[in-house]
>>> print(open('my_file_30.txt').read())   # compact mmCIF, C-alpha atoms
# COMPACT_ATOMS: atom_id res chain seq x y z
CA MET A 1 76.86 35.38 136.06
CA LEU A 2 80.49 36.13 135.23
CA THR A 3 82.95 33.80 136.87
CA GLN A 4 86.12 35.74 136.08
CA THR A 5 87.49 39.00 137.39
CA THR A 6 86.62 41.53 134.72
CA SER A 7 84.88 44.75 133.80
CA ARG A 8 82.08 45.30 131.31
CA VAL A 9 79.37 47.73 130.31
CA LEU A 10 76.25 46.98 132.34
CA GLU A 11 72.93 46.22 130.67
CA PRO A 12 69.34 46.97 131.77
CA SER A 13 69.13 43.46 133.26
CA ASP A 14 71.89 44.43 135.71
CA LEU A 15 69.77 47.17 137.29
CA GLY A 16 69.07 45.42 140.58
CA ALA A 17 72.73 44.62 141.21
CA ALA A 18 73.78 48.17 140.30
CA LEU A 19 71.22 49.73 142.63
CA ALA A 20 72.48 47.51 145.46
CA ILE A 21 75.99 48.92 144.96
CA LEU A 22 74.69 52.50 144.83
CA ASP A 23 72.70 51.94 148.01
CA ARG A 24 75.85 51.09 149.98
CA GLU A 25 76.77 54.78 150.20
CA PRO A 26 73.54 56.67 149.52
CA VAL A 27 74.93 60.14 150.27
CA ALA A 28 78.14 59.87 148.27
CA ASN A 29 76.33 58.15 145.39
CA ALA A 30 73.27 60.41 145.30
CA PHE A 31 74.01 62.00 141.92
CA VAL A 32 74.39 58.73 140.03
CA ALA A 33 71.73 56.87 142.03
CA SER A 34 69.12 59.52 141.25
CA ARG A 35 69.81 59.17 137.53
CA VAL A 36 69.78 55.38 137.57
CA GLN A 37 66.51 55.25 139.52
CA VAL A 38 64.85 57.37 136.85
CA ALA A 39 66.57 56.16 133.68
CA GLY A 40 67.74 52.63 134.44
CA LEU A 41 70.93 51.47 132.73
CA ASP A 42 70.02 52.10 129.11
CA PRO A 43 72.87 54.37 127.92
CA TRP A 44 70.63 56.58 125.82
CA ARG A 45 68.25 57.33 128.71
CA LEU A 46 71.01 57.42 131.33
CA GLY A 47 73.17 59.82 129.35
CA GLY A 48 76.19 57.54 129.53
CA GLU A 49 77.39 54.01 130.17
CA MET A 50 77.61 52.28 133.52
CA TRP A 51 80.73 50.17 133.82
CA GLY A 52 80.79 47.28 136.25
CA TRP A 53 83.71 45.53 137.92
CA TYR A 54 83.26 41.87 138.84
CA GLU A 55 85.29 39.80 141.28
CA GLY A 56 84.52 36.12 141.63
CA GLY A 57 81.46 36.60 139.46
CA MET A 58 79.99 39.27 141.75
CA LEU A 59 79.47 42.91 140.84
CA THR A 60 81.49 44.92 143.38
CA SER A 61 82.22 48.36 141.86
CA LEU A 62 80.74 50.78 139.33
CA CYS A 63 81.84 53.70 137.21
CA TYR A 64 79.44 56.10 135.52
CA ALA A 65 80.84 57.31 132.20
CA GLY A 66 78.80 60.20 130.83
CA ALA A 67 79.28 63.95 130.97
CA ASN A 68 81.14 63.14 134.21
CA LEU A 69 83.33 60.13 134.97
CA VAL A 70 82.32 58.96 138.46
CA PRO A 71 83.88 55.99 140.30
CA ILE A 72 81.40 54.34 142.68
CA CYS A 73 82.43 52.11 145.58
CA ALA A 74 85.53 51.47 143.48
CA THR A 75 88.26 49.18 144.85
CA PRO A 76 91.88 49.70 143.73
CA ARG A 77 91.61 46.85 141.20
CA ALA A 78 88.36 48.27 139.90
CA VAL A 79 89.95 51.71 139.52
CA ARG A 80 92.71 50.22 137.35
CA ALA A 81 90.16 48.44 135.17
CA PHE A 82 88.04 51.59 134.81
CA ALA A 83 91.14 53.62 133.90
CA ASP A 84 92.05 51.10 131.19
CA ARG A 85 88.54 51.29 129.76
CA ALA A 86 88.51 55.10 129.93
CA ARG A 87 91.87 55.35 128.15
CA ARG A 88 90.68 53.05 125.36
CA ALA A 89 87.46 55.03 124.93
CA GLY A 90 89.17 58.43 125.01
CA ARG A 91 88.06 61.39 127.08
CA ARG A 92 84.41 62.27 126.46
CA CYS A 93 83.63 63.77 129.88
CA SER A 94 83.94 67.33 131.14
CA SER A 95 85.05 66.23 134.62
CA VAL A 96 86.12 63.33 136.79
CA VAL A 97 84.39 63.55 140.16
CA GLY A 98 83.76 61.37 143.17
CA PRO A 99 85.04 60.37 146.62
CA THR A 100 88.64 61.51 146.96
CA THR A 101 90.50 58.20 147.32
CA PRO A 102 89.25 56.37 144.20
CA THR A 103 89.00 59.58 142.19
CA ALA A 104 92.61 60.54 142.94
CA ALA A 105 93.76 57.03 142.04
CA LEU A 106 91.77 57.12 138.80
CA TRP A 107 93.22 60.51 137.86
CA ARG A 108 96.79 59.37 138.51
CA LEU A 109 96.27 56.65 135.90
CA LEU A 110 94.48 58.90 133.41
CA GLU A 111 96.52 62.08 133.73
CA PRO A 112 99.43 60.98 131.47
CA GLN A 113 96.98 60.60 128.57
CA TRP A 114 94.14 62.97 129.52
CA GLY A 115 96.07 65.74 131.22
CA PRO A 116 96.71 68.46 131.90
CA ALA A 117 93.40 69.26 133.55
CA ARG A 118 92.03 72.80 133.50
CA GLU A 119 91.68 72.62 137.27
CA VAL A 120 92.01 70.01 140.03
CA ARG A 121 89.94 70.51 143.18
CA ALA A 122 91.47 67.95 145.48
CA HIS A 123 89.56 68.72 148.69
CA GLN A 124 85.79 69.23 148.59
CA PRO A 125 84.14 68.44 151.93
CA LEU A 126 80.98 66.34 151.66
CA MET A 127 78.45 67.63 154.20
CA VAL A 128 75.08 66.31 155.42
CA THR A 129 72.24 67.16 157.76
CA ASP A 130 68.91 65.59 158.63
CA ARG A 131 67.31 68.43 160.60
CA LEU A 132 66.53 72.12 160.50
CA PRO A 133 68.96 74.43 162.31
CA ASP A 134 68.33 75.82 165.75
CA GLY A 135 68.30 79.58 165.96
CA ILE A 136 68.15 80.35 162.21
CA ALA A 137 64.66 80.99 160.89
CA PRO A 138 64.07 79.98 157.27
CA ASP A 139 63.81 83.00 154.96
CA PRO A 140 60.07 83.33 154.27
CA TYR A 141 60.79 84.90 150.88
CA VAL A 142 62.68 81.87 149.54
CA ARG A 143 60.23 79.74 147.59
CA ARG A 144 59.93 77.37 144.67
CA VAL A 145 60.61 79.02 141.31
CA ARG A 146 57.63 78.98 138.94
CA LYS A 147 57.90 77.91 135.33
CA ASP A 148 57.05 81.42 134.15
CA GLU A 149 60.08 82.76 136.08
CA MET A 150 62.73 80.92 134.05
CA GLU A 151 63.90 84.12 132.34
CA LYS A 152 64.45 85.75 135.73
CA LEU A 153 66.27 82.72 137.12
CA MET A 154 68.61 81.95 134.21
CA PRO A 155 71.01 84.92 134.60
CA ALA A 156 71.65 83.89 138.21
CA CYS A 157 72.18 80.27 137.18
CA VAL A 158 74.65 81.29 134.46
CA ALA A 159 76.51 83.56 136.90
CA MET A 160 76.71 80.82 139.52
CA PHE A 161 77.94 78.21 137.03
CA THR A 162 80.55 80.55 135.58
CA GLU A 163 81.86 81.49 139.04
CA GLU A 164 81.89 77.89 140.22
CA VAL A 165 83.22 76.05 137.17
CA GLY A 166 85.28 78.78 135.54
CA ILE A 167 83.60 78.63 132.12
CA SER A 168 80.18 79.74 130.92
CA PRO A 169 77.46 77.10 130.47
CA LEU A 170 76.44 79.04 127.34
CA ALA A 171 79.59 77.93 125.50
CA GLY A 172 79.32 75.27 122.82
CA ASP A 173 75.60 74.78 122.23
CA GLY A 174 74.58 78.27 123.31
CA GLY A 175 73.37 76.94 126.63
CA LEU A 176 70.58 74.71 125.32
CA LEU A 177 71.50 71.71 127.46
CA TYR A 178 72.06 73.84 130.53
CA GLN A 179 68.79 75.68 130.11
CA ALA A 180 66.98 72.36 129.65
CA ARG A 181 68.48 71.08 132.90
CA VAL A 182 67.44 74.21 134.82
CA ALA A 183 63.94 73.95 133.31
CA GLU A 184 63.78 70.31 134.42
CA LEU A 185 64.58 71.27 138.01
CA VAL A 186 62.06 74.13 137.96
CA GLY A 187 59.40 71.81 136.57
CA ALA A 188 60.14 69.25 139.28
CA GLY A 189 59.77 71.86 142.02
CA ARG A 190 63.45 71.57 142.97
CA ALA A 191 64.61 75.13 142.19
CA PHE A 192 64.34 77.76 144.92
CA ALA A 193 64.97 81.49 144.99
CA ARG A 194 64.33 84.78 146.66
CA PHE A 195 63.56 87.64 144.26
CA ASP A 196 63.84 91.36 144.99
CA THR A 197 61.13 93.88 144.14
CA ASP A 198 62.56 94.24 140.62
CA GLY A 199 62.35 90.50 139.99
CA LYS A 200 66.09 89.88 140.27
CA VAL A 201 67.43 86.87 142.13
CA VAL A 202 68.84 87.64 145.58
CA PHE A 203 69.50 84.01 146.62
CA LYS A 204 69.03 80.72 144.84
CA ALA A 205 69.73 77.01 145.15
CA GLU A 206 68.56 73.79 143.55
CA ILE A 207 68.12 70.22 144.66
CA GLY A 208 69.99 68.57 141.83
CA ALA A 209 69.80 64.92 142.83
CA ALA A 210 67.10 63.16 144.80
CA THR A 211 66.46 59.58 145.88
CA ASP A 212 64.13 58.20 148.52
CA ARG A 213 67.06 58.23 150.98
CA THR A 214 68.85 61.50 150.32
CA CYS A 215 68.97 64.63 148.20
CA GLN A 216 71.84 66.86 147.13
CA ILE A 217 71.69 70.66 147.19
CA GLN A 218 73.64 72.46 144.49
CA GLY A 219 73.93 75.81 142.74
CA VAL A 220 73.86 77.87 145.93
CA TRP A 221 74.36 81.51 144.93
CA VAL A 222 73.92 84.96 146.45
CA ALA A 223 73.83 88.05 144.23
CA PRO A 224 77.13 89.96 144.66
CA GLU A 225 75.45 93.08 146.05
CA TYR A 226 73.85 91.01 148.83
CA ARG A 227 76.92 89.04 149.88
CA GLY A 228 77.86 89.56 153.50
CA SER A 229 74.37 90.85 154.35
CA GLY A 230 73.15 87.67 156.03
CA VAL A 231 70.81 86.25 153.39
CA ALA A 232 72.68 82.98 152.79
CA ALA A 233 72.03 81.15 156.08
CA PRO A 234 68.25 81.88 156.25
CA GLY A 235 68.07 81.06 152.53
CA MET A 236 69.75 77.69 153.07
CA ALA A 237 67.47 77.02 156.05
CA ALA A 238 64.48 77.62 153.79
CA VAL A 239 65.78 75.23 151.12
CA LEU A 240 66.47 72.66 153.84
CA ARG A 241 62.90 72.98 155.10
CA TYR A 242 61.57 72.13 151.64
CA ALA A 243 64.13 69.38 151.09
CA LEU A 244 63.55 67.52 154.35
CA ALA A 245 59.77 67.92 154.32
CA ASP A 246 59.07 67.13 150.68
CA ILE A 247 61.99 65.23 149.13
CA ALA A 248 64.22 63.11 151.38
CA PRO A 249 65.12 62.58 155.05
CA VAL A 250 68.77 63.61 154.54
CA ALA A 251 70.22 66.55 152.61
CA SER A 252 73.81 66.77 151.42
CA LEU A 253 76.14 68.99 149.43
CA TYR A 254 79.83 69.28 148.67
CA VAL A 255 81.81 72.48 148.67
CA ASN A 256 85.29 73.65 147.72
CA ASP A 257 87.59 73.69 150.74
CA PHE A 258 88.80 77.19 149.83
CA ASN A 259 85.26 78.63 149.92
CA THR A 260 85.43 79.61 153.58
CA PRO A 261 82.26 81.79 153.66
CA ALA A 262 80.15 78.99 152.16
CA ARG A 263 81.54 76.36 154.51
CA ARG A 264 80.85 78.62 157.47
CA THR A 265 77.27 79.18 156.30
CA TYR A 266 76.63 75.47 155.84
CA GLN A 267 78.02 74.71 159.29
CA ARG A 268 75.78 77.40 160.79
CA VAL A 269 72.68 75.73 159.38
CA GLY A 270 73.76 72.34 160.73
CA PHE A 271 75.68 70.60 157.96
CA GLN A 272 78.48 68.34 159.17
CA GLU A 273 81.40 66.99 157.18
CA VAL A 274 81.19 63.24 156.59
CA GLY A 275 83.62 62.74 153.72
CA GLU A 276 85.49 64.39 150.90
CA PHE A 277 85.06 64.66 147.15
CA MET A 278 87.56 65.48 144.43
CA SER A 279 86.87 67.05 141.04
CA ILE A 280 89.07 67.24 137.97
CA LEU A 281 87.77 69.79 135.46
CA PHE A 282 88.62 69.87 131.75
>>> encode(input="my_file_30.txt", output="structure tokens")
Amino acid sequence: MLTQTTSRVLEPSDLGAALAILDREPVANAFVASRVQVAGLDPWRLGGEMWGWYEGGMLTSLCYAGANLVPICATPRAVRAFADRARRAGRRCSSVVGPTTPTAALWRLLEPQWGPAREVRAHQPLMVTDRLPDGIAPDPYVRRVRKDEMEKLMPACVAMFTEEVGISPLAGDGGLLYQARVAELVGAGRAFARFDTDGKVVFKAEIGAATDRTCQIQGVWVAPEYRGSGVAAPGMAAVLRYALADIAPVASLYVNDFNTPARRTYQRVGFQEVGEFMSILF
């Protein structure tokens, strides 16, 4: 046990202590917790390092440093330590994302060296529900995507990502990593879609993170020609039905504050705001 106040890269033997921190805020920490539960703390399997902040010899805060930089239950002193470590390492992530207060503090310390960001999304409501909506029947045509439907699903995934993030996921490696991630979700039964008679995606969403306590819905997308026609709310109700029955007792998501139609849809199907995220995109 460390007796000083310090930060360090966690090791596989620290798994129990790290999971205890992640379990403090299961909804907010769903993304990182789901990865740690599967991969442990080995950086190669985890896809990044887990930094720990110790006070009085006790692990009190975490920061995941992989494709995203994610502060977890981070106190102000921990944020300063994580910023120092991130500056020394140099920017290797494509975004900084997490609960607004620690994420904003972390970005203030990193921006002089890492900035300017491509985009800062300062207000992203975190929303949860644990029940199916009243008065909105799940769309019976929304179902799990089969492995042999990857070619039909990918154009919708690429369109969603490009609209949401502002760059194509096909840049750089030609989309190999992104396609592998989509295939992983399809294989796990966590990708859902409604197809039209020509096999094109009308509505889609994925459950990107899942623990025994909560799951996080992501990648919600409606084909442009169907927007405003009322497919989103029944589609979300259908995904919720699968999520709550098969995956976890609570479903969550976070959404850009400026995306008024999406926020209205999520509220209609019963999601309630419980917090706020912030994302800095590079």
>>> closest_atom_pairs(input="my_file_30.txt", of="range 81-114 of chain A", to="range 125-128 of chain A", cutoff="12 Å", atoms="all atoms listed in the file", output="JSON lines")
{"residue": "A:Gly98", "atom": "CA", "partner": "A:Leu126", "partner_atom": "CA", "distance": 10.2}
{"residue": "A:Pro99", "atom": "CA", "partner": "A:Leu126", "partner_atom": "CA", "distance": 8.8}
{"residue": "A:Thr100", "atom": "CA", "partner": "A:Pro125", "partner_atom": "CA", "distance": 9.6}
>>> closest_residue(input="my_file_30.txt", among="A:Leu153, A:Ala83, A:Val27, A:Cys93", to="Gly47 in chain A", atoms="all atoms listed in the file")
A:Cys93
>>> atom_distance(input="my_file_30.txt", atom1="CA of Phe203 in chain A", atom2="CA of Gln216 in chain A")
17.3 Å
>>> atom_distance(input="my_file_30.txt", atom1="CA of Pro76 in chain A", atom2="CA of Met58 in chain A")
15.9 Å
>>> atom_distance(input="my_file_30.txt", atom1="CA of Leu109 in chain A", atom2="CA of Arg80 in chain A")
7.5 Å
>>> closest_residue(input="my_file_30.txt", among="A:Pro234, A:Gly57, A:Gly270, A:Pro26", to="Pro138 in chain A", atoms="only C-alpha atoms")
A:Pro234
>>> closest_residue(input="my_file_30.txt", among="A:Val186, A:Leu253, A:Leu19, A:Ala159", to="Gly275 in chain A", atoms="only C-alpha atoms")
A:Leu253
>>> closest_residue(input="my_file_30.txt", among="A:Pro261, A:Asp212, A:Ser252, A:Gly172", to="Val274 in chain A", atoms="all atoms listed in the file")
A:Ser252
>>> closest_residue(input="my_file_30.txt", among="A:Tyr54, A:Trp107, A:Tyr178, A:Phe192", to="Tyr141 in chain A", atoms="all atoms listed in the file")
A:Phe192
>>> closest_residue(input="my_file_30.txt", among="A:Ile217, A:Ala30, A:Leu132, A:Val202", to="Gly230 in chain A", atoms="only C-alpha atoms")
A:Val202
>>> residues_around(input="my_file_30.txt", residues="Leu10 in chain A", least_positions_apart="5", cutoff="7 Å", atoms="only C-alpha atoms", output="PyMOL selection string")
chain A and resi 41+50-52
>>> residues_around(input="my_file_30.txt", residues="Glu164 in chain A", least_positions_apart="6", cutoff="12 Å", atoms="all atoms listed in the file", output="ChimeraX atom specification")
/A:119,121,157-158,218-221,255-256,258-259,279,281
>>> residues_around(input="my_file_30.txt", residues="Ile136 in chain A", least_positions_apart="2", cutoff="12 Å", atoms="all atoms listed in the file", output="CSV table (one decimal) with C-alpha atoms, keeping the file's coordinate frame")
chain,number,residue,atom,x,y,z
A,132,LEU,CA,66.5,72.1,160.5
A,133,PRO,CA,69.0,74.4,162.3
A,134,ASP,CA,68.3,75.8,165.8
A,138,PRO,CA,64.1,80.0,157.3
A,139,ASP,CA,63.8,83.0,155.0
A,140,PRO,CA,60.1,83.3,154.3
A,230,GLY,CA,73.2,87.7,156.0
A,231,VAL,CA,70.8,86.2,153.4
A,232,ALA,CA,72.7,83.0,152.8
A,233,ALA,CA,72.0,81.2,156.1
A,234,PRO,CA,68.2,81.9,156.2
A,235,GLY,CA,68.1,81.1,152.5
A,236,MET,CA,69.8,77.7,153.1
A,237,ALA,CA,67.5,77.0,156.0
A,238,ALA,CA,64.5,77.6,153.8
A,240,LEU,CA,66.5,72.7,153.8
A,241,ARG,CA,62.9,73.0,155.1
A,265,THR,CA,77.3,79.2,156.3
A,266,TYR,CA,76.6,75.5,155.8
A,267,GLN,CA,78.0,74.7,159.3
A,268,ARG,CA,75.8,77.4,160.8
A,269,VAL,CA,72.7,75.7,159.4
A,270,GLY,CA,73.8,72.3,160.7
>>> residues_around(input="my_file_30.txt", residues="Ser95 in chain A", least_positions_apart="3", cutoff="6 Å", atoms="all atoms listed in the file", output="ChimeraX atom specification")
/A:68,280-282
